[in-house]
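First up is the structure itself, then whatever we jot down about it.
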Number of protein chains: 4
Amino acid sequence: MIPRYSRPEMASLWSDVARYRRWRDVELAALEGMVAQGLAPKDALADCLARAGDFTEADAARIEEIERTTKHDVIAFLTFVEERVGPSARWLHLGMTSSDVLDTSLGLTLRDSVDLLLKGMDRVMAAVEKRAFEHKHTLQMGRSHGIHAEPITFGHKLAIWYDELRRGRTRLLHARDTIAVGKISGAVGTFAHLPPSVEEHVCQKLGLKPAPASSQVVQRDRHAEFFTAIALVGASLEKFAVEIRHLQRTEVREAEEPFTPGQKGSSAMPHKRNPILSENLTGLARLLRGYAVSAMEDVALWHERDISHSSVERVIGPDATVLLDFMLHRFAGLVENMRVYPEQMKKNLDLLGGVVNSQRLLLELARKGMDRQAAYVVVQRNAMRMFEEGVDFRQALLNDADLLKMMTPEEVSDCFSPGYHTRQMDAVFQRVFGRAS
Amino acid sequence: MIPRYSRPEMASLWSDVARYRRWRDVELAALEGMVAQGLAPKDALADCLARAGDFTEADAARIEEIERTTKHDVIAFLTFVEERVGPSARWLHLGMTSSDVLDTSLGLTLRDSVDLLLKGMDRVMAAVEKRAFEHKHTLQMGRSHGIHAEPITFGHKLAIWYDELRRGRTRLLHARDTIAVGKISGAVGTFAHLPPSVEEHVCQKLGLKPAPASSQVVQRDRHAEFFTAIALVGASLEKFAVEIRHLQRTEVREAEEPFTPGQKGSSAMPHKRNPILSENLTGLARLLRGYAVSAMEDVALWHERDISHSSVERVIGPDATVLLDFMLHRFAGLVENMRVYPEQMKKNLDLLGGVVNSQRLLLELARKGMDRQAAYVVVQRNAMRMFEEGVDFRQALLNDADLLKMMTPEEVSDCFSPGYHTRQMDAVFQRVFGRAS
Amino acid sequence: MIPRYSRPEMASLWSDVARYRRWRDVELAALEGMVAQGLAPKDALADCLARAGDFTEADAARIEEIERTTKHDVIAFLTFVEERVGPSARWLHLGMTSSDVLDTSLGLTLRDSVDLLLKGMDRVMAAVEKRAFEHKHTLQMGRSHGIHAEPITFGHKLAIWYDELRRGRTRLLHARDTIAVGKISGAVGTFAHLPPSVEEHVCQKLGLKPAPASSQVVQRDRHAEFFTAIALVGASLEKFAVEIRHLQRTEVREAEEPFTPGQKGSSAMPHKRNPILSENLTGLARLLRGYAVSAMEDVALWHERDISHSSVERVIGPDATVLLDFMLHRFAGLVENMRVYPEQMKKNLDLLGGVVNSQRLLLELARKGMDRQAAYVVVQRNAMRMFEEGVDFRQALLNDADLLKMMTPEEVSDCFSPGYHTRQMDAVFQRVFGRAS
Amino acid sequence: MIPRYSRPEMASLWSDVARYRRWRDVELAALEGMVAQGLAPKDALADCLARAGDFTEADAARIEEIERTTKHDVIAFLTFVEERVGPSARWLHLGMTSSDVLDTSLGLTLRDSVDLLLKGMDRVMAAVEKRAFEHKHTLQMGRSHGIHAEPITFGHKLAIWYDELRRGRTRLLHARDTIAVGKISGAVGTFAHLPPSVEEHVCQKLGLKPAPASSQVVQRDRHAEFFTAIALVGASLEKFAVEIRHLQRTEVREAEEPFTPGQKGSSAMPHKRNPILSENLTGLARLLRGYAVSAMEDVALWHERDISHSSVERVIGPDATVLLDFMLHRFAGLVENMRVYPEQMKKNLDLLGGVVNSQRLLLELARKGMDRQAAYVVVQRNAMRMFEEGVDFRQALLNDADLLKMMTPEEVSDCFSPGYHTRQMDAVFQRVFGRAS
């Protein structure tokens with residue numbers, strides 16, 4: 001969990017103190033459940049509730065001190081609680097296994113982390129939606145293979161992003177559903193020492209669902225799904241970031257990241273305004289992919305569990321959620337304040353002297369009965385003249401005898417009219433945003 | 001697509017012939033849509049429908065021959081269709097871009113592949129369910145860290161698998177939903193040359209949903225989700241396979257893969273019956289994880305698309321689906337015919353002389369008022385005598401004065417009763433299968 | 001092994017026939033070794049040598065037919081050889097285990113594949129070297145973050161590639177060294193049935209080194225190193241491919257992939273010349289990374305071996321080597337015929353009105369005693385005037401009173417002289433190529 | 001960088017203070033180089049050397065404070081140095097770019113980290129060597145597929161580990177060679193503002209080699225090689241850890257991790273001694289693989305660099321080196337104190353009633369002229385009697401009429417003699433350790 005890329009909201013979910021508080025909540029809820037089943041005395045519960053208290057950083061330090069002897073974190077925690085609560089504490093954890101506490105608590109942390117991620121996602125989506133409508137009709141060159149193709153609008157590009165973000169949101173929701181589970185099923189998941197009703201009580205109280213069946217642990221395919229969902233959202237943010245980096249290229253300059261007054265682009269070259277936020281997002285997405293790989297390897301635990309997943313999760317649990325949270329807010333700020341240069345977009349549109357309209361010409365020729373290959377040859381040879389001789393495309397066409405057999409000069413010129421490429425934007429926006437304006 | 005690990009049902013979805021047939025279907029459906037909009041003449045459609053014909057391997061070979069000149073697969077296909085259909089063919093593809101055909105067709109292939117995977121999944125789930133009920137009360141040692149913990153039943157283990165498989169099934173369904181889309185939105189996704197209604201017609205006809213917004217292509221986060229879903233199902237199969245490999249170990253021998261009469265385990269050691277199917281599944285799962293990594297890198301295409309995803313998908317599209325399909329059926333057969341050895345399970349249960357019941361003793365002591373640490377010390381020292389001196393655990397306990405202050409010898413013996421660990425199996429099966437028997 | 005991306009030279013190394021021939025060579029060499037040790041009769045060897053014969057596709061088919069019964073490939077092979085050779089064949093494989101044959105044979109295949117890769121590498125390096133010298137002084141804009149920085153030469157860029165390729169070559173050589181090993185150490189690697197001298201004989205005969213210690217198999221960290229070396233070379237090719245894609249962008253157009261006469265860029269847009277070879281290479285590199293992940297997971301086999309690595313290697317062995325081989329030759333062809341546009345490079349160099357010389361001004365000011373921050377402010381404000389007002393940078397500077405306190409107008413103009421950026425190219429080329437011209 | 005898995009020696013290499021000290025060292029060495037070339041005054045150097053001073057945590061905090069305004073770490077650092085040193089500081093960094101400092105400094109950090117890793121490696125290798133000789137003749141069952149195969153010695157297993165560790169060591173040395181480079185070649189690597197001699201001076205002074213050619217940065221294939229080398233060593237450690245986990249299984253119990261007095265295996269089951277160190281190592285290896293994936297994606301930077309690698313390296317630079325360092329020392333301690341149980345090994349050797357000697361019988365039969373298939377059938381049917389009827393293998397053989405036609409009862413019994421499997425250990429140890437005792 002690298003401070004440079006952490007927001008306190010997310011980082012605090014993963015603090016030692018937060019973890020111990022969750023363990024406390026799970027243990028107390030379980031004791032409640034036992035009392036309800038007559039498996040522990042009411043007084044013990046009352047005592048525990050009264051004395052368990054808050055957990056401070058000093059308490060966390062004390063627990064870690066105990067752990068250095070026990071080499072077992074949950075036992076260290078329980079030892080600490082016994083020191084604090086006194087004899088009634090012996091009813092806590094009775095019939096439970098460490099993983100009952102750890103995995104239920106992890107379910108809570110991951111659920112809360114995904115809720116925070118969803119908030120970040122909402123901010124990103126709101127920003128993208130706003131800019132999309134702002135630029136619904138801002139014409140821009142569409143590019144495939146990095147080569148000019150046909151015009152789009154910048155808002156169309158953003159509508160595609162929005163649609164993709166919604167899929168990411170759905171993935172996070174699915175992952176939330178998968179991960180927000182608890183288990184109090186004991187050492188090997190058989191409920192040998194505590195009936196399922198205790199698990200059900202704990203889960204209901206804490207807002208989780210019981211894992212229908214568990215071994216010593218909640219099965220790790222759930223967590224792998226969680227981390228792949230995170231990596232997929234990261235990959236989408238990377239895509240958007242790469243787009244911005246392209247648009248900010250010196251030769252393109254159609255959009256730019258926000259640039260604050262004091263900021264310096266380069267220690268050597270004062271003129272530089274570099275898309276460093278987007279480059280940063282690009283790199284962070286790579287980390288999320290790496291974490292997904294590790295998480296997928298955690299699935300195949302041995303028998304009723306081995307603990308090899310634990311070290312992985314201690315690292316990627318906080319790292320993946322903290323990074324994606326950071327990415328979402330960094331990207332949201334970027335989109336909110338991104339500078340867009342419609343004149344430069346227009347300038348680039350004209351760069352190829354109209355050759356990007358060749359598809360319209362092909363269509364016209366075809367509809368007038370020319371066969372595809374012949375039409376292709378006619379249009380391509382004039383496009384090639386543009387590329388190789390620098391001849392204006394429309395002019396070249398108007399000098400092509402074969403072409404003029406099929407189309408009048410007016411019809412040729414019509415193929416260069418603007419507006420043709422934006423007329424379906426209402427339909428697209430209606431589909432994506434449920435509204436056209 | 002390695003023949004050794006391919007089933008013809010899945011492999012045939014990816015054949016050249018199948019691909020060209022899909023392209024034909026997409027082109028014809030699009031022409032229908034155009035005709036419905038008055039964008040092409042009815043006669044042309046009738047002509048194309050009448051003459052497009054089937055596509056054979058010879059046709060596929062001819063198309064590839066053309067491609068060697070055009071270096072463009074869709075143009076080669078269209079050239080071939082024009083050769084076959086004649087002049088009416090020029091109305092095909094009019095206003096479309098290659099990716100309209102390719103991506104809509106890929107949507108069909110992936111949808112069909114996931115439907116096949118779901119069939120495989122159903123077979124696996126049925127097999128696991130059957131064996132789970134068969135062994136619902138078959139006692140087996142539960143193991144955490146590879147070390148004996150407390151008893152489970154073999155059916156409980158299988159119930160956990162079933163529950164995990166259902167999550168895998170859900171992931172495949174989500175992926176199906178994500179991937180079963182088409183796009184006929186043109187060169188940069190703006191519907192400049194054909195209105196959205198053509199896309200809608202094509203998609204409805206072919207059983208897809210239109211991508212709400214697309215660039216030149218369907219966005220690749222969809223495909224990345226698909227391949228990660230596959231990798232996650234693979235990881236679950238790997239987990240089950242690893243379990244079987246453990247159970248088949250010489251020292252454990254609680255279950256075995258089916259072993260056919262002619263089969264030879266080793267060229268050197270004729271006695272060997274090796275869990276080679278499970279080992280094979282373990283390896284194949286690693287491949288699926290690798291493919292997921294490649295797929296996630298495909299998301300960040302440039303601008304309205306670059307074609308870097310194409311080579312990746314040409315390889316992992318068939319490879320990932322064919323391998324998972326093969327894995328599902330291999331695993332289903334394995335489970336259906338797996339040999340289970342309840343007597344050996346029982347023998348292993350007794351291996352530690354009853355020390356696996358220590359948790360019950362701890363609980364008893366705690367409920368009688370001994371504090372946790374004291375109880376832990378009492379139980380652990382007797383467990384250690386078992387490990388280090390080979391003393392029978394129950395006997396050791398009955399000689400422990402501290403213990404006998406808290407429990408009668410009868411109470412101690414009660415902690416070793418069988419049946420205690422199976423009494424919640426009804427509840428677990430009810431949760432997992434919706435029925436207890 | 002996808003035919004589209006295969007060269008026959010590499011693909012044929014992985015054919016069934018080639019594999020069986022290698023098995024034959026290993027078995028015969030081992031029998032020779034045994035005879036030399038007096039462990040088998042000379043006549044049997046003579047017989048086997050005389051009758052083992054070549055292996056044709058028909059033979060391979062027959063072996064596979066046998067395998068369908070034995071479910072074990074080496075036993076099937078030996079059965080076939082016995083059918084062909086007769087009784088003497090029983091001396092073959094005596095005391096050996098399947099993996100002695102398989103892993104020694106795999107060592108041969110991987111060694112030969114890496115030798116082919118090195119040939120491809122040599123072709124690539126020769127092409128890059130040639131173009132580097134050709135463009136040693138061709139000025140081009142250097143870009144960091146996609147933003148114009150300071151001038152470089154195109155040859156300098158290629159010299160960096162060459163240096164990186166040499167590191168890739170070294171990695172392949174290291175991997176060759178690691179992988180070109182054999183083992184005839186028997187079922188668990190103890191040489192129980194055949195002395196080390198047989199292994200040494202086989203390895204010497206076949207040009208391998210004996211693995212100093214082996215279990216049933218050669219340890220898989222060797223193979224993982226091999227596949228990561230391949231992925232790293234792939235990543236370098238991807239980097240070069242991405243560079244070409246950038247240079248071919250419509251707005252940049254400084255270089256282009258070769259474009260053959262019949263080739264069509266787009267079914268819709270006849271003017272398009274897309275960097276599809278480079279995009280293809282970009283995607284293929286992703287596959288190689290995925291394979292490296294799978295290979296790294298193969299290392300941790302159980303005990304003296306489990307066979308989970310086998311399915312992985314059956315797929316990625318051919319796939320990774322065939323793809324990299326294809327990539328190397330595709331890239332070599334691309335570089336050999338790449339079109340370079342020095343005039344366009346020059347045009348782009350002037351795009352920012354000289355602002356890319358700001359670092360030189362900073363330096364001049366600093367050397368004349370202005371402090372860094374002050375100099376930075378002076379230069380940046382004039383650069384910003386260029387960006388925001390479109391004022392020519394040199395002109396802006398010549399109107400800046402603070403600047404003129406430190407530098408004469410002549411000194412300012414000197415900072416815009418060409419040639420300054422190329423004067424160290426001799427030194428760089430000397431380092432990289434061992435010659436400056 | 002997770003404290004739980006960090007050793008201070010490695011963690012301190014990555015502290016802010018250590019980083020700023022390295023930047024200082026690079027800047028001062030560069031100024032020395034400039035002075036040597038007459039590019040800066042001697043006095044300025046003397047001044048800087050005298051006043052640059054040490055860097056404390058307070059200084060680091062001050063630099064970070066400045067960075068919050070400049071949003072550029074190197075500029076913040078230089079601003080701080082100017083505050084401290086005064087006007088002479090303006091000669092520092094003159095003609096350099098941030099990456100000259102950053103990448104040269106990173107080269108130092110990675111070199112030092114690999115030197116620490118090599119120390120850890122040496123400790124591991126010494127421990128493995130010692131235990132290998134200790135158990136050179138300790139017989140143990142060799143297992144393939146988890147199934148008993150033929151006997152090995154535990155020392156043989158460890159010799160294989162040692163040999164693999166040496167390959168890991170070689171990989172780290174190669175990576176060191178690749179990564180221990182510096183660059184002072186300026187903004188785009190052309191040495192435009194400072195001649196190569198300055199770079200050479202800096203590198204010689206700091207113990208690095210100059211990158212023969214660089215762009216703004218040192219090329220990232222070098223770093224990718226470094227992180228894959230780390231992942232490969234991690235994978236080997238994982239393999240050893242998985243082996244220990246297997247040997248510690250309750251049913252196997254041939255070796256155990258050290259278990260300290262206060263340590264508690266389970267909060268629920270006091271008898272448990274779990275291989276938690278090895279499980280931990282298994283998980284950490286997964287993280288290293290994930291980091292390697294991210295690092296390989298960093299290679300393809302744009303043009304003369306983009307900064308997307310930076311966020312990746314800020315995370316995995318410390319994380320990967322700190323984790324491997326931790327793993328090496330954790331594993332070394334584990335091996336040094338691992339408990340080995342030769343009697344249990346012996347007991348397991350006898351588990352299959354001698355059937356593991358079947359290969360020797362096959363050999364005997366073959367050498368006596370029985371054909372392979374016939375011999376196989378004879379031996380297998382007796383092995384199967386052992387498995388299915390529990391008949392002692394040797395006894396079964398002695399009752400097999402077909403067998404007794406080929407071998408005397410004495411010859412049969414000879415095949416069960418111990419010692420046969422250890423006679424080549426001298427040869428193996430000689431190869432691996434260069435000495436047999």
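Residue numbers start at 1 in each chain; chains themselves are named A, B, ... in the order of the structure tokens; ligands are numbered from 1 in the order shown.
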
Compute the chain A side of the contact with chain D at 6 Å, counting only C-alpha atoms, and hand it back as a PyMOL selection string. chain A and resi 69-71+75+97+262-264+267-268+279-280+282-283+286-287+290-291+293-294+307-309+311-312

Residue contacts of stretch 324-339 of chain A (6 Å, only C-alpha atoms) excluding same-chain residues fewer than 6 positions away, as a PDB file with C-alpha atoms, in the first residue's frame:
```
ATOM      1  CA  TYR A   5      -1.138   6.282  -4.596  1.00  0.00           C
ATOM      2  CA  SER A   6      -3.464   5.998  -1.594  1.00  0.00           C
ATOM      3  CA  LEU A 117     -14.856   1.748  -5.511  1.00  0.00           C
ATOM      4  CA  GLY A 120     -15.344   6.366  -7.345  1.00  0.00           C
ATOM      5  CA  VAL A 124     -16.003   8.897 -13.051  1.00  0.00           C
ATOM      6  CA  ALA A 127     -17.716  13.226 -15.271  1.00  0.00           C
ATOM      7  CA  ALA A 255      -7.049  17.390 -25.696  1.00  0.00           C
ATOM      8  CA  GLU A 256      -4.838  17.883 -22.693  1.00  0.00           C
ATOM      9  CA  GLU A 257      -4.698  16.889 -19.105  1.00  0.00           C
ATOM     10  CA  PRO A 258      -5.299  19.707 -16.637  1.00  0.00           C
TER      11      PRO A 258
END
```

Which residues are close to stretch 49-57 of chain D, i.e. within 9 Å by only C-alpha atoms, leaving aside same-chain residues fewer than 6 positions away? Reply as a PDB file with C-alpha atoms, in the first residue's frame.
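Produced file part-v4.pdb, reproduced below:
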```
ATOM      1  CA  ASP D  16      13.174   8.027   0.878  1.00  0.00           C
ATOM      2  CA  VAL D  17      16.356   9.026   2.619  1.00  0.00           C
ATOM      3  CA  ALA D  18      18.376   6.376   0.807  1.00  0.00           C
ATOM      4  CA  TYR D  20      17.770  11.157  -1.935  1.00  0.00           C
ATOM      5  CA  ARG D  21      21.297  10.210  -0.885  1.00  0.00           C
ATOM      6  CA  ARG D  24      22.962  13.439  -4.310  1.00  0.00           C
ATOM      7  CA  LEU D  28      27.868  15.238  -7.296  1.00  0.00           C
ATOM      8  CA  VAL D  81      19.637  21.358  -2.565  1.00  0.00           C
ATOM      9  CA  ARG D  84      20.961  24.259   1.334  1.00  0.00           C
ATOM     10  CA  VAL D  85      24.031  24.772  -0.833  1.00  0.00           C
ATOM     11  CA  GLY D  86      23.388  28.230  -2.180  1.00  0.00           C
ATOM     12  CA  ALA D  89      24.131  24.504  -6.652  1.00  0.00           C
TER      13      ALA D  89
END
```

So that I can check the secondary structure, give me every residue of stretch 71-260 of chain D assigned strand (DSSP E) by backbone DSSP, as JSON, numbers by chain. {"D": [139, 140, 141, 142, 143, 144, 147, 148, 149, 150, 151, 152, 153, 181, 182, 209, 210, 255, 256]}

Selection export as an mmCIF file, in the first residue's frame, atoms kept: N, CA and C atoms:
```
data_model
loop_
_atom_site.group_PDB
_atom_site.id
_atom_site.type_symbol
_atom_site.label_atom_id
_atom_site.label_comp_id
_atom_site.auth_asym_id
_atom_site.auth_seq_id
_atom_site.Cartn_x
_atom_site.Cartn_y
_atom_site.Cartn_z
ATOM 1 N N LEU D 139 17.680 -43.026 3.110
ATOM 2 C CA LEU D 139 16.732 -43.526 2.109
ATOM 3 C C LEU D 139 15.334 -42.957 2.329
ATOM 4 N N GLN D 140 14.676 -42.673 1.239
ATOM 5 C CA GLN D 140 13.338 -42.088 1.278
ATOM 6 C C GLN D 140 12.614 -42.563 0.027
ATOM 7 N N MET D 141 11.303 -42.654 0.128
ATOM 8 C CA MET D 141 10.565 -43.042 -1.051
ATOM 9 C C MET D 141 10.600 -41.912 -2.085
ATOM 10 N N GLY D 142 10.948 -42.240 -3.315
ATOM 11 C CA GLY D 142 10.790 -41.296 -4.409
ATOM 12 C C GLY D 142 9.371 -41.404 -4.949
ATOM 13 N N ARG D 143 8.791 -40.275 -5.283
ATOM 14 C CA ARG D 143 7.382 -40.282 -5.698
ATOM 15 C C ARG D 143 7.217 -39.530 -7.020
ATOM 16 N N SER D 144 6.562 -40.170 -7.931
ATOM 17 C CA SER D 144 6.152 -39.423 -9.115
ATOM 18 C C SER D 144 4.634 -39.472 -9.170
ATOM 19 N N ILE D 147 2.683 -40.738 -6.317
ATOM 20 C CA ILE D 147 2.611 -42.184 -6.114
ATOM 21 C C ILE D 147 4.023 -42.717 -5.882
ATOM 22 N N HIS D 148 4.129 -43.673 -5.010
ATOM 23 C CA HIS D 148 5.445 -44.248 -4.750
ATOM 24 C C HIS D 148 6.058 -44.780 -6.031
ATOM 25 N N ALA D 149 7.333 -44.452 -6.215
ATOM 26 C CA ALA D 149 8.022 -44.907 -7.420
ATOM 27 C C ALA D 149 9.160 -45.826 -6.994
ATOM 28 N N GLU D 150 10.344 -45.268 -6.868
ATOM 29 C CA GLU D 150 11.480 -46.055 -6.396
ATOM 30 C C GLU D 150 12.203 -45.238 -5.342
ATOM 31 N N PRO D 151 13.034 -45.878 -4.558
ATOM 32 C CA PRO D 151 13.707 -45.136 -3.486
ATOM 33 C C PRO D 151 14.688 -44.091 -4.019
ATOM 34 N N ILE D 152 14.789 -43.026 -3.280
ATOM 35 C CA ILE D 152 15.853 -42.033 -3.474
ATOM 36 C C ILE D 152 16.525 -41.850 -2.119
ATOM 37 N N THR D 153 17.434 -40.879 -2.048
ATOM 38 C CA THR D 153 17.844 -40.464 -0.709
ATOM 39 C C THR D 153 17.393 -39.014 -0.546
ATOM 40 N N VAL D 181 23.621 -0.452 -14.568
ATOM 41 C CA VAL D 181 24.052 0.537 -15.556
ATOM 42 C C VAL D 181 23.544 1.921 -15.170
ATOM 43 N N GLY D 182 24.237 2.920 -15.683
ATOM 44 C CA GLY D 182 23.799 4.296 -15.477
ATOM 45 C C GLY D 182 23.701 5.004 -16.810
ATOM 46 N N LYS D 209 28.094 0.354 -15.124
ATOM 47 C CA LYS D 209 28.558 0.483 -16.504
ATOM 48 C C LYS D 209 27.644 1.475 -17.217
ATOM 49 N N PRO D 210 28.176 2.256 -18.167
ATOM 50 C CA PRO D 210 27.270 3.135 -18.921
ATOM 51 C C PRO D 210 26.392 2.293 -19.849
ATOM 52 N N ALA D 255 9.310 -35.042 7.225
ATOM 53 C CA ALA D 255 10.080 -33.866 7.634
ATOM 54 C C ALA D 255 9.089 -32.848 8.173
ATOM 55 N N GLU D 256 9.603 -31.941 8.955
ATOM 56 C CA GLU D 256 8.748 -30.900 9.513
ATOM 57 C C GLU D 256 9.506 -29.584 9.595
#
```

Write down as an NGL selection string the residues belonging to stretch 228-318 of chain A that are assigned alpha helix (DSSP H) by DSSP computed on the backbone. :A and (228-248 or 276-297 or 308-318)

All residues 9 Å or closer to D:Arg394, only C-alpha atoms, same chain fewer than 4 positions away omitted, as a list of chain:residue names: D:Gly353, D:Gly354, D:Val355, D:Asn382, D:Leu398, D:Asn399, D:Val412, D:Ser413, D:Phe416

Using N, CA and C atoms, can you write the selected residues to a file as a PDB file, in the first residue's frame?
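Written output follows (out23.pdb):
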```pdb
ATOM      1  N   GLY D 353       4.730 -52.788   0.374  1.00  0.00           N
ATOM      2  CA  GLY D 353       5.165 -54.194   0.410  1.00  0.00           C
ATOM      3  C   GLY D 353       6.144 -54.540  -0.683  1.00  0.00           C
ATOM      4  N   GLY D 354       7.011 -53.628  -1.003  1.00  0.00           N
ATOM      5  CA  GLY D 354       8.089 -53.938  -1.914  1.00  0.00           C
ATOM      6  C   GLY D 354       7.766 -53.763  -3.384  1.00  0.00           C
ATOM      7  N   VAL D 355       6.558 -53.330  -3.691  1.00  0.00           N
ATOM      8  CA  VAL D 355       6.168 -53.244  -5.094  1.00  0.00           C
ATOM      9  C   VAL D 355       6.977 -52.188  -5.850  1.00  0.00           C
ATOM     10  N   ASN D 382       1.201 -59.071 -10.563  1.00  0.00           N
ATOM     11  CA  ASN D 382       1.522 -59.287  -9.157  1.00  0.00           C
ATOM     12  C   ASN D 382       1.417 -57.995  -8.345  1.00  0.00           C
ATOM     13  N   LEU D 398       6.815 -64.876  -5.868  1.00  0.00           N
ATOM     14  CA  LEU D 398       7.362 -66.213  -5.648  1.00  0.00           C
ATOM     15  C   LEU D 398       6.333 -67.304  -5.929  1.00  0.00           C
ATOM     16  N   ASN D 399       5.088 -66.909  -6.065  1.00  0.00           N
ATOM     17  CA  ASN D 399       4.038 -67.860  -6.418  1.00  0.00           C
ATOM     18  C   ASN D 399       3.642 -67.798  -7.886  1.00  0.00           C
ATOM     19  N   VAL D 412      14.876 -63.450  -7.342  1.00  0.00           N
ATOM     20  CA  VAL D 412      13.739 -62.583  -7.022  1.00  0.00           C
ATOM     21  C   VAL D 412      14.032 -61.797  -5.754  1.00  0.00           C
ATOM     22  N   SER D 413      14.488 -62.487  -4.733  1.00  0.00           N
ATOM     23  CA  SER D 413      14.732 -61.814  -3.460  1.00  0.00           C
ATOM     24  C   SER D 413      15.818 -60.750  -3.571  1.00  0.00           C
ATOM     25  N   PHE D 416      15.105 -57.097  -3.980  1.00  0.00           N
ATOM     26  CA  PHE D 416      14.555 -56.294  -2.888  1.00  0.00           C
ATOM     27  C   PHE D 416      15.647 -55.792  -1.941  1.00  0.00           C
TER      28      PHE D 416
END
```

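For A:Thr228, the non-local neighbours within 8 Å, defined as residues at least 2 positions apart in the same chain or in other chains and counting only C-alpha atoms, are Ala224, Glu225, Phe226, Ile230, Ala231, Leu232, Arg289, Ala292 and Ala295 of chain A; Thr228 of chain B.
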